[in-house]
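Content type compact mmCIF, C-alpha atoms, from the file model09.txt:
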# COMPACT_ATOMS: atom_id res chain seq x y z
CA MET A 1 24.79 6.00 95.40
CA PRO A 2 22.98 2.69 96.02
CA PRO A 3 22.11 1.64 99.60
CA ILE A 4 24.97 0.24 101.65
CA SER A 5 25.04 -2.68 104.10
CA LEU A 6 27.61 -4.22 106.41
CA TYR A 7 28.46 -7.93 106.40
CA ILE A 8 30.47 -9.35 109.31
CA HIS A 9 31.92 -12.85 109.06
CA PHE A 10 32.51 -15.08 112.08
CA PRO A 11 34.55 -18.08 110.93
CA TRP A 12 34.11 -20.50 113.84
CA CYS A 13 31.64 -23.41 114.18
CA ILE A 14 31.22 -26.23 116.67
CA GLN A 15 32.11 -28.58 113.82
CA LYS A 16 32.40 -28.41 110.05
CA CYS A 17 29.39 -29.81 108.18
CA PRO A 18 30.23 -32.13 105.25
CA TYR A 19 28.27 -30.06 102.71
CA CYS A 20 29.53 -26.62 103.82
CA ASP A 21 31.78 -24.60 101.50
CA PHE A 22 31.62 -21.40 103.57
CA ASN A 23 34.71 -20.14 105.33
CA SER A 24 34.13 -21.95 108.63
CA HIS A 25 36.50 -23.68 111.02
CA ALA A 26 35.75 -26.04 113.89
CA VAL A 27 36.52 -24.58 117.31
CA LYS A 28 39.55 -26.36 118.75
CA ALA A 29 40.94 -24.30 121.62
CA GLY A 30 38.38 -21.58 122.27
CA ILE A 31 37.52 -18.44 120.32
CA PRO A 32 39.72 -15.33 120.67
CA GLU A 33 36.67 -13.09 121.08
CA HIS A 34 38.43 -9.95 122.28
CA ASP A 35 41.15 -10.04 119.63
CA TYR A 36 38.66 -10.82 116.86
CA VAL A 37 36.40 -7.89 117.76
CA ASP A 38 39.48 -5.65 117.78
CA ALA A 39 40.43 -6.98 114.33
CA LEU A 40 36.90 -6.43 112.98
CA LEU A 41 36.82 -2.80 114.08
CA LYS A 42 40.31 -2.19 112.68
CA ASP A 43 39.20 -3.82 109.41
CA LEU A 44 36.12 -1.60 109.26
CA ARG A 45 38.10 1.58 109.90
CA ASN A 46 40.41 0.61 107.05
CA ASP A 47 37.56 -0.12 104.63
CA LEU A 48 35.93 3.23 105.35
CA SER A 49 38.79 4.84 103.42
CA LEU A 50 37.22 3.36 100.27
CA LEU A 51 34.05 5.41 100.64
CA THR A 52 34.01 8.66 98.71
CA ALA A 53 31.43 10.17 101.10
CA PRO A 54 29.70 9.17 104.35
CA ARG A 55 26.98 6.57 103.79
CA THR A 56 24.09 5.46 106.01
CA VAL A 57 24.01 1.70 106.63
CA SER A 58 20.56 0.13 106.19
CA SER A 59 21.38 -3.41 107.35
CA ILE A 60 23.99 -5.43 109.23
CA PHE A 61 24.32 -9.19 108.79
CA MET A 62 26.46 -11.30 111.13
CA GLY A 63 27.09 -14.58 109.32
CA GLY A 64 29.43 -17.51 109.50
CA GLY A 65 30.35 -19.90 110.76
CA THR A 66 28.22 -19.55 113.86
CA PRO A 67 28.17 -15.95 115.17
CA SER A 68 25.94 -16.98 118.09
CA LEU A 69 28.97 -18.76 119.61
CA PHE A 70 30.19 -15.29 120.58
CA SER A 71 29.15 -13.86 123.94
CA PRO A 72 26.66 -10.97 124.27
CA GLU A 73 29.49 -8.95 125.80
CA ALA A 74 31.67 -9.39 122.69
CA LEU A 75 28.83 -8.48 120.32
CA ASP A 76 27.93 -5.49 122.50
CA ARG A 77 31.47 -4.13 122.15
CA LEU A 78 31.42 -4.83 118.42
CA LEU A 79 28.09 -3.09 117.79
CA ALA A 80 29.09 -0.14 119.97
CA GLY A 81 32.30 0.23 117.96
CA ILE A 82 30.38 0.03 114.68
CA GLY A 83 28.00 2.72 115.93
CA GLN A 84 30.95 5.05 116.49
CA LEU A 85 32.30 4.49 112.98
CA LEU A 86 29.14 4.35 110.88
CA SER A 87 25.80 6.08 110.64
CA LEU A 88 23.00 3.49 110.95
CA SER A 89 19.46 4.06 109.72
CA GLU A 90 16.85 4.34 112.48
CA ASP A 91 15.24 1.08 111.34
CA CYS A 92 18.53 -0.70 110.56
CA GLU A 93 17.94 -4.45 110.10
CA ILE A 94 20.50 -6.30 112.25
CA THR A 95 20.61 -10.06 111.64
CA LEU A 96 22.46 -12.73 113.61
CA GLU A 97 22.91 -16.26 112.26
CA ALA A 98 22.47 -18.93 114.91
CA ASN A 99 22.76 -22.70 115.23
CA PRO A 100 20.07 -24.50 117.27
CA GLY A 101 22.86 -26.18 119.22
CA THR A 102 23.96 -22.82 120.66
CA PHE A 103 20.65 -21.54 122.08
CA GLU A 104 20.42 -20.43 125.69
CA SER A 105 17.41 -18.40 126.85
CA ALA A 106 19.35 -15.75 128.79
CA LYS A 107 21.93 -15.36 126.04
CA PHE A 108 19.36 -14.66 123.34
CA ARG A 109 17.45 -12.19 125.52
CA GLU A 110 20.74 -10.31 125.80
CA PHE A 111 21.27 -10.48 122.04
CA ARG A 112 17.84 -8.91 121.54
CA ALA A 113 18.60 -6.20 124.10
CA LEU A 114 21.71 -5.24 122.08
CA GLY A 115 19.49 -4.16 119.19
CA ILE A 116 19.81 -7.35 117.14
CA ASN A 117 16.32 -7.52 115.63
CA ARG A 118 16.44 -10.49 113.25
CA LEU A 119 17.59 -14.08 113.72
CA SER A 120 18.45 -16.59 111.01
CA ILE A 121 18.45 -20.13 112.39
CA GLY A 122 20.23 -22.88 110.45
CA ILE A 123 17.87 -25.82 110.89
CA GLN A 124 18.23 -27.57 107.47
CA SER A 125 15.79 -30.38 108.39
CA PHE A 126 13.37 -31.46 111.08
CA ASP A 127 14.21 -35.13 110.50
CA ASP A 128 16.82 -36.53 112.92
CA ARG A 129 17.95 -39.10 110.35
CA HIS A 130 18.74 -36.41 107.80
CA LEU A 131 20.29 -34.12 110.40
CA LYS A 132 22.73 -36.88 111.30
CA LYS A 133 23.68 -37.42 107.65
CA LEU A 134 24.22 -33.67 107.27
CA GLY A 135 26.57 -33.61 110.24
CA ARG A 136 24.40 -31.20 112.20
CA VAL A 137 25.03 -30.93 115.95
CA HIS A 138 21.36 -30.45 116.88
CA SER A 139 18.24 -32.62 116.87
CA ALA A 140 14.79 -31.82 115.51
CA ALA A 141 13.55 -31.26 119.06
CA GLU A 142 16.38 -28.81 119.72
CA ALA A 143 15.51 -26.94 116.52
CA ILE A 144 11.91 -26.49 117.63
CA LYS A 145 13.07 -25.44 121.09
CA ALA A 146 15.43 -22.87 119.55
CA VAL A 147 12.55 -21.20 117.73
CA GLU A 148 10.57 -21.07 120.98
CA ILE A 149 13.55 -19.51 122.79
CA ALA A 150 13.92 -16.92 120.02
CA ALA A 151 10.24 -15.95 120.26
CA ASN A 152 10.37 -15.73 124.06
CA ALA A 153 13.48 -13.54 123.80
CA GLY A 154 11.49 -11.02 121.76
CA PHE A 155 12.55 -11.85 118.21
CA ASP A 156 9.56 -11.27 115.93
CA ASN A 157 11.57 -11.32 112.69
CA LEU A 158 12.85 -14.84 112.21
CA ASN A 159 14.28 -16.80 109.27
CA LEU A 160 14.57 -20.58 109.19
CA ASP A 161 17.09 -22.21 106.82
CA LEU A 162 15.94 -25.48 105.24
CA MET A 163 17.46 -27.68 102.53
CA PHE A 164 15.90 -30.13 100.09
CA GLY A 165 17.33 -32.80 97.82
CA LEU A 166 18.99 -34.41 100.83
CA PRO A 167 20.58 -37.87 100.65
CA GLU A 168 17.77 -40.44 100.21
CA GLN A 169 15.14 -37.80 101.07
CA THR A 170 11.63 -38.54 99.78
CA GLU A 171 9.14 -35.96 98.56
CA ALA A 172 6.99 -36.64 101.61
CA GLU A 173 9.95 -35.96 103.91
CA ALA A 174 10.74 -32.67 102.16
CA ILE A 175 7.10 -31.63 102.48
CA GLY A 176 7.19 -32.66 106.14
CA ASP A 177 10.12 -30.31 106.77
CA ILE A 178 8.22 -27.40 105.24
CA GLN A 179 5.10 -28.24 107.22
CA SER A 180 7.14 -28.28 110.43
CA ALA A 181 8.67 -24.92 109.57
CA ILE A 182 5.32 -23.33 108.74
CA ALA A 183 3.87 -24.60 112.02
CA LEU A 184 6.51 -22.55 113.87
CA ASN A 185 5.26 -19.40 112.14
CA PRO A 186 8.57 -17.73 111.14
CA THR A 187 8.42 -14.56 109.08
CA HIS A 188 10.91 -15.84 106.50
CA ILE A 189 12.01 -19.25 105.17
CA SER A 190 15.14 -19.90 103.12
CA PHE A 191 14.64 -23.11 101.15
CA TYR A 192 17.53 -24.21 98.98
CA GLN A 193 18.76 -27.35 97.27
CA LEU A 194 21.72 -29.28 98.64
CA THR A 195 24.55 -29.03 96.14
CA LEU A 196 27.87 -30.84 96.27
CA GLU A 197 30.34 -27.97 96.32
CA PRO A 198 34.09 -28.40 95.62
CA ASN A 199 36.36 -28.56 98.66
CA THR A 200 33.71 -30.21 100.83
CA TYR A 201 33.57 -33.71 102.30
CA PHE A 202 30.40 -34.48 100.32
CA TYR A 203 32.14 -33.49 97.08
CA LYS A 204 35.01 -35.85 97.80
CA PHE A 205 32.72 -38.64 99.04
CA PRO A 206 29.36 -38.00 97.34
CA PRO A 207 26.27 -39.29 99.14
CA LYS A 208 23.41 -40.84 97.16
CA LEU A 209 21.04 -38.02 96.25
CA PRO A 210 17.51 -38.33 94.84
CA GLU A 211 17.07 -38.24 91.07
CA ASP A 212 16.74 -34.78 89.52
CA GLU A 213 13.09 -35.37 88.60
CA ALA A 214 12.25 -36.33 92.18
CA ILE A 215 14.06 -33.27 93.56
CA PHE A 216 12.20 -31.00 91.15
CA ALA A 217 8.83 -32.52 92.07
CA ALA A 218 9.53 -32.11 95.78
CA GLN A 219 10.62 -28.50 95.25
CA LYS A 220 7.43 -27.62 93.37
CA ALA A 221 5.20 -29.28 95.98
CA CYS A 222 6.97 -27.39 98.79
CA GLN A 223 6.79 -24.09 96.93
CA GLN A 224 3.04 -24.52 96.49
CA LEU A 225 2.67 -25.23 100.21
CA LEU A 226 4.69 -22.14 101.11
CA ALA A 227 2.57 -19.96 98.82
CA GLU A 228 -0.64 -21.33 100.32
CA HIS A 229 0.54 -20.22 103.77
CA GLY A 230 1.50 -16.69 102.77
CA TYR A 231 5.22 -17.15 102.10
CA ARG A 232 5.86 -15.33 98.85
CA GLN A 233 8.93 -16.23 96.84
CA TYR A 234 10.96 -13.12 96.06
CA GLU A 235 14.32 -14.74 95.26
CA ILE A 236 15.46 -18.16 94.04
CA SER A 237 15.63 -19.61 97.54
CA ALA A 238 13.87 -17.00 99.71
CA TYR A 239 10.23 -16.88 100.83
CA ALA A 240 8.75 -14.27 103.14
CA LYS A 241 5.54 -13.05 104.64
CA VAL A 242 4.48 -9.60 103.46
CA GLY A 243 6.81 -6.96 104.87
CA PHE A 244 9.52 -9.42 105.97
CA GLN A 245 11.80 -9.81 102.97
CA SER A 246 15.44 -9.74 104.04
CA ARG A 247 16.56 -6.16 103.47
CA HIS A 248 20.20 -7.22 103.61
CA ASN A 249 19.92 -10.01 101.06
CA ARG A 250 17.78 -7.90 98.74
CA ASN A 251 20.54 -5.31 98.75
CA TYR A 252 22.97 -7.98 97.48
CA TRP A 253 20.67 -9.11 94.70
CA GLN A 254 19.84 -5.53 93.68
CA PHE A 255 23.54 -4.84 93.08
CA GLY A 256 23.74 -2.63 96.14
CA ASP A 257 26.93 -1.84 98.02
CA TYR A 258 28.20 -3.60 101.12
CA LEU A 259 31.23 -3.44 103.36
CA GLY A 260 32.58 -6.90 104.21
CA ILE A 261 34.69 -7.40 107.32
CA GLY A 262 35.99 -10.55 108.98
CA ALA A 263 37.98 -13.59 107.88
CA GLY A 264 37.04 -14.45 104.29
CA ALA A 265 34.51 -11.61 103.98
CA HIS A 266 33.83 -9.92 100.63
CA GLY A 267 32.54 -6.44 99.92
CA LYS A 268 31.45 -4.27 96.99
CA ILE A 269 31.71 -0.48 96.92
CA THR A 270 30.62 1.99 94.25
CA ARG A 271 33.06 4.90 94.12
CA ALA A 272 32.25 6.30 90.68
CA LEU A 273 30.32 4.89 87.73
CA PRO A 274 31.13 2.88 85.72
CA HIS A 275 34.93 2.58 86.07
CA ASP A 276 35.35 2.61 89.83
CA ILE A 277 33.17 -0.12 91.35
CA VAL A 278 35.44 -2.25 93.52
CA ARG A 279 35.29 -5.58 95.30
CA THR A 280 37.16 -6.33 98.50
CA ALA A 281 38.30 -9.69 99.91
CA LYS A 282 39.80 -10.53 103.29
CA PRO A 283 42.15 -13.39 104.24
CA LYS A 284 40.25 -16.64 104.87
CA SER A 285 42.46 -17.98 107.63
CA PRO A 286 41.37 -16.66 111.06
CA GLU A 287 45.01 -16.72 112.19
CA GLN A 288 46.14 -14.73 109.17
CA TYR A 289 43.23 -12.33 109.52
CA LEU A 290 44.07 -11.62 113.16
CA LYS A 291 47.67 -10.81 112.18
CA GLN A 292 46.63 -8.28 109.51
CA THR A 293 48.20 -4.86 109.76
CA TYR A 294 47.06 -1.82 107.83
CA PRO A 295 49.10 1.09 106.52
CA SER A 296 48.20 4.52 107.81
CA ALA A 297 47.46 5.64 104.25
CA SER A 298 44.07 4.94 102.68
CA LEU A 299 43.47 1.75 100.75
CA ARG A 300 44.45 1.91 97.13
CA ILE A 301 42.88 0.08 94.21
CA SER A 302 46.24 -1.60 93.63
CA SER A 303 45.98 -3.28 97.04
CA PRO A 304 45.72 -7.11 96.91
CA SER A 305 42.46 -6.88 98.89
CA VAL A 306 40.78 -4.41 96.49
CA GLU A 307 39.99 -5.00 92.83
CA ALA A 308 38.00 -2.86 90.42
CA ILE A 309 35.28 -4.68 88.48
CA PRO A 310 36.16 -4.42 84.75
CA VAL A 311 33.50 -2.41 82.93
CA GLU A 312 32.96 -5.20 80.42
CA GLN A 313 31.98 -7.53 83.29
CA LEU A 314 29.29 -5.24 84.71
CA PRO A 315 26.45 -6.57 82.50
CA VAL A 316 26.89 -10.17 83.70
CA GLU A 317 27.60 -9.07 87.29
CA PHE A 318 24.37 -7.07 87.30
CA ALA A 319 22.32 -9.83 85.65
CA MET A 320 23.76 -12.52 87.94
CA ASN A 321 22.34 -10.65 90.93
CA HIS A 322 19.09 -9.09 89.73
CA LEU A 323 17.83 -12.14 87.87
CA ARG A 324 17.76 -14.09 91.15
CA LEU A 325 14.84 -11.86 92.16
CA THR A 326 11.33 -12.69 91.02
CA ASN A 327 10.69 -9.07 90.01
CA GLY A 328 13.98 -8.77 88.10
CA PHE A 329 15.09 -5.28 87.07
CA SER A 330 14.28 -2.30 84.87
CA LEU A 331 16.62 -0.77 82.31
CA ALA A 332 16.57 2.35 84.48
CA ASP A 333 17.90 0.23 87.39
CA TYR A 334 20.71 -1.00 85.17
CA GLN A 335 21.73 2.46 84.02
CA ARG A 336 21.53 3.91 87.54
CA LEU A 337 23.59 1.19 89.22
CA THR A 338 26.23 0.58 86.55
CA GLY A 339 26.45 3.92 84.75
CA LEU A 340 26.18 2.04 81.43
CA SER A 341 23.72 2.41 78.59
CA PRO A 342 21.06 -0.33 78.28
CA ASP A 343 22.57 -1.05 74.87
CA THR A 344 25.47 -2.78 76.66
CA LEU A 345 23.06 -5.60 77.63
CA GLU A 346 22.69 -6.49 73.97
CA PRO A 347 22.53 -8.80 72.11
CA ALA A 348 22.08 -11.11 75.11
CA LEU A 349 18.93 -9.40 76.38
CA THR A 350 17.07 -9.61 73.07
CA GLN A 351 18.16 -13.23 72.56
CA CYS A 352 16.84 -14.24 75.99
CA LEU A 353 13.53 -12.45 75.41
CA GLU A 354 13.10 -14.10 72.00
CA GLN A 355 13.92 -17.54 73.43
CA GLY A 356 11.40 -17.14 76.25
CA LEU A 357 14.06 -17.28 78.96
CA LEU A 358 13.26 -13.73 80.06
CA VAL A 359 9.98 -11.81 80.14
CA LYS A 360 9.40 -8.05 79.93
CA GLN A 361 6.29 -6.66 81.60
CA GLN A 362 5.58 -3.10 82.73
CA GLN A 363 9.18 -2.08 82.06
CA ARG A 364 10.59 -4.87 84.25
CA ILE A 365 12.65 -7.79 82.97
CA PHE A 366 12.66 -11.08 84.87
CA CYS A 367 13.09 -14.81 84.42
CA SER A 368 10.26 -16.86 82.93
CA ASP A 369 9.43 -20.21 84.52
CA LYS A 370 11.71 -21.73 81.90
CA GLY A 371 14.39 -19.14 82.65
CA TRP A 372 14.49 -20.09 86.36
CA ASP A 373 15.59 -23.56 85.33
CA PHE A 374 18.23 -22.29 82.88
CA LEU A 375 19.68 -19.30 84.72
CA ASP A 376 23.23 -20.46 83.97
CA VAL A 377 22.42 -20.47 80.25
CA ILE A 378 21.07 -16.92 80.52
CA LEU A 379 24.14 -15.63 82.33
CA GLU A 380 26.52 -17.21 79.80
CA LYS A 381 24.97 -14.97 77.14
CA PHE A 382 25.95 -11.84 79.08
CA ILE A 383 29.61 -12.82 79.47
CA ARG A 384 31.95 -10.66 77.40

Would you put the structure from the file into structure tokens?
Amino acid sequence: MPPISLYIHFPWCIQKCPYCDFNSHAVKAGIPEHDYVDALLKDLRNDLSLLTAPRTVSSIFMGGGTPSLFSPEALDRLLAGIGQLLSLSEDCEITLEANPGTFESAKFREFRALGINRLSIGIQSFDDRHLKKLGRVHSAAEAIKAVEIAANAGFDNLNLDLMFGLPEQTEAEAIGDIQSAIALNPTHISFYQLTLEPNTYFYKFPPKLPEDEAIFAAQKACQQLLAEHGYRQYEISAYAKVGFQSRHNRNYWQFGDYLGIGAGAHGKITRALPHDIVRTAKPKSPEQYLKQTYPSASLRISSPSVEAIPVEQLPVEFAMNHLRLTNGFSLADYQRLTGLSPDTLEPALTQCLEQGLLVKQQQRIFCSDKGWDFLDVILEKFIR
């Protein structure tokens, strides 16, 4: 069996950002912390019926939304409940997403004391003008202060989220954001392009974005700067110092398994290869999620929340994940994680190699520089 992780979704934010297509909802009348923790633990107990044998969890990721809006007491009860239901590895990576507008020194010291050992701070930009356009609730000064609070609280594994290609952003401003991030010495930087996703305010009322050529030039300049300061790119939008790649995110991209609990959470569980790899999905509405009831019997594949991945879709599912990583995959990886013969990657694999979209070196297959820019074209070839 591949490694297994646990993703926990917290759907509440202070306010909804205009670019955000995640399942997040602005807090209106307080957060039902106690009831939500109860629902999460009930959800987890139900999902455990999908496992064919006990599995050791290597990472936990609390995402959102803004999980740091929850109190240390609520997260303590949640983590204690998880510990009673699951076996965690001794070095389990436990990540909490946080918004700079929610940082309090005492609160984050308590988070660290709970065993949370990695923070991911959603900064997006260090420019107040851009932060305002993005609808962020914090300032650049508050972002810098948040990183200081995290360090003082004992967090030595820290990711900063940054975006580029922002409305009217210049190359110099994008570089300035990266320079500001590097100066704070995080162990990991997520650096991704702003995209106008459906069902967002920006999609309905598009802001003026830089030209594609300007965005590409800014991206390349920032990537060079990151490399010069020891941040190695290991995934399309992820850069880390040696030894600090996100274990949780790597598990996603390596087609690993993960339990997904919380409103709108998704999961993927390997039960038997290749015909019994299933995906799970939970109700998006927090109100609906809190009202969920579960039958006493184990989950069945026919359940609306559980769906087996058709065998013919496994090649593109596998490629869609692994080809995001700079070191790609081996044919042995493919056979081990899907149960399928490498022949099922053909003719797409050979076509991509011949067209220079993919490269094969030392038994590993990965995107060429050209392939990075045409990943959608590559994946279309694997669709059956």

Within 9 Å of range 250-255 of chain A, which residues of range 327-370 of chain A come that close, and what is the closest atom pair and distance in Å for each? Count all atoms listed in the file and give it as a tab-separated table.
residue	atom	partner	partner_atom	distance
A:Gly328	CA	A:Gln254	CA	8.7
A:Phe329	CA	A:Gln254	CA	8.1
A:Asp333	CA	A:Gln254	CA	8.7
A:Leu337	CA	A:Phe255	CA	7.2
A:Thr338	CA	A:Phe255	CA	8.9

Can you list every residue of range 59-156 of chain A that has an atom at most 12 Å from range 198-215 of chain A, with its nearest atom pair and the distance in Å to one decimal, using only C-alpha atoms, ordered by chain then number, as a tab-separated table?
residue	atom	partner	partner_atom	distance
A:His130	CA	A:Pro207	CA	11.8
A:Lys133	CA	A:Pro207	CA	9.1
A:Leu134	CA	A:Phe202	CA	9.3
A:Gly135	CA	A:Tyr201	CA	10.6

Report task. Provide the CA of Gly64 in chain A to CA of Arg271 in chain A distance in Å, to one decimal place. Result -> 27.4 Å

Query raised in the report: Could you tell me, as a ChimeraX atom specification, which residues have any atom at most 8 Å from (26.4, -18.3, 117.1), counting only C-alpha atoms?
Result: /A:13,65-70,96-99,102

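Contact shell of Ala227 in chain A at 12 Å (all atoms listed in the file; same-chain neighbours under 6 positions omitted): Ile178, Ile182, Ile189, Lys220, Ala221, Gln233, Tyr234, Ala238, Tyr239, Ala240, Lys241 and Val242 of chain A.
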
Query raised in the report: Restricting the calculation to only C-alpha atoms, which member of A:Val57, A:Val27, A:Ala181, A:Leu349 is positioned closest to Leu88 in chain A?
Result: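 Residue with the minimum atom-to-atom distance to Leu88 in chain A: A:Val57.
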
Let me have the centre and edge lengths in Å, one decimal, of the box along x, y and z around every listed atom of range 114-119 of chain A with 3 Å of margin on each side, as AutoDock Vina command-line options.
--center_x 19.0 --center_y -9.1 --center_z 117.7 --size_x 11.4 --size_y 15.9 --size_z 14.8

Query raised in the report: Hey, which of A:His275, A:Lys145, A:Arg232, A:Lys268 ends up closest to Leu325 in chain A? Count only C-alpha atoms.
Result: A:Arg232

Query raised in the report: A:Leu259, A:Ala26, A:Leu40, A:Leu50: which is nearest Leu78 in chain A, counting all atoms listed in the file?
Result: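 Nearest candidate to Leu78 in chain A out of A:Leu259, A:Ala26, A:Leu40, A:Leu50: A:Leu40.
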
Report task. Using only C-alpha atoms, pick whichever of A:Leu162, A:Leu196, A:Leu184, A:Ala174 has the shortest atom-to-atom distance to Ile144 in chain A. Result ->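 Result for the nearest residue to Ile144 in chain A: A:Leu184.
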
Query raised in the report: Rounded to one decimal in Å, what is the spacing between CA of Ser59 in chain A and CA of Tyr258 in chain A?
Result: 9.2 Å

**Report entry** Length of the CA of Tyr36 in chain A to CA of Asp21 in chain A vector [Å]
**Finding:**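 Atom-to-atom, CA of Tyr36 in chain A to CA of Asp21 in chain A, that is 21.8 Å.
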
Query - Expected residue set, 12 Å radius at (24.3, -18.6, 77.8), only C-alpha atoms, as a list in words - result: Val316, Ala319, Met320, Pro347, Ala348, Leu349, Gln351, Cys352, Gln355, Leu357, Gly371, Phe374, Leu375, Asp376, Val377, Ile378, Leu379, Glu380, Lys381, Phe382, Ile383 and Arg384 of chain A

Query raised in the report: Closest to Gly267 in chain A among A:Ala39, A:Cys222, A:Ala29, A:Leu51, using all atoms listed in the file?
Result: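 Of all the options, A:Leu51 lies closest to Gly267 in chain A.
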
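The residue that comes closest to Glu312 in chain A, out of A:Leu158, A:Gly262, A:Glu235, A:Leu340 and on the basis of all atoms listed in the file, is A:Leu340.
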
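Every protein or nucleic acid residue with an atom no more than 12 Å from Ala143 in chain A, counting only C-alpha atoms and leaving out same-chain residues fewer than 5 positions away, appears here: A:Ala98, A:Asn99, A:Pro100, A:Gly101, A:Thr102, A:Phe103, A:Ile121, A:Gly122, A:Ile123, A:Gln124, A:Ser125, A:Phe126, A:Asp127, A:Asp128, A:Leu131, A:Arg136, A:Val137, A:His138, A:Glu148, A:Ile149, A:Ala150, A:Leu160, A:Asp161, A:Leu162, A:Asp177, A:Ser180, A:Ala181, A:Leu184.
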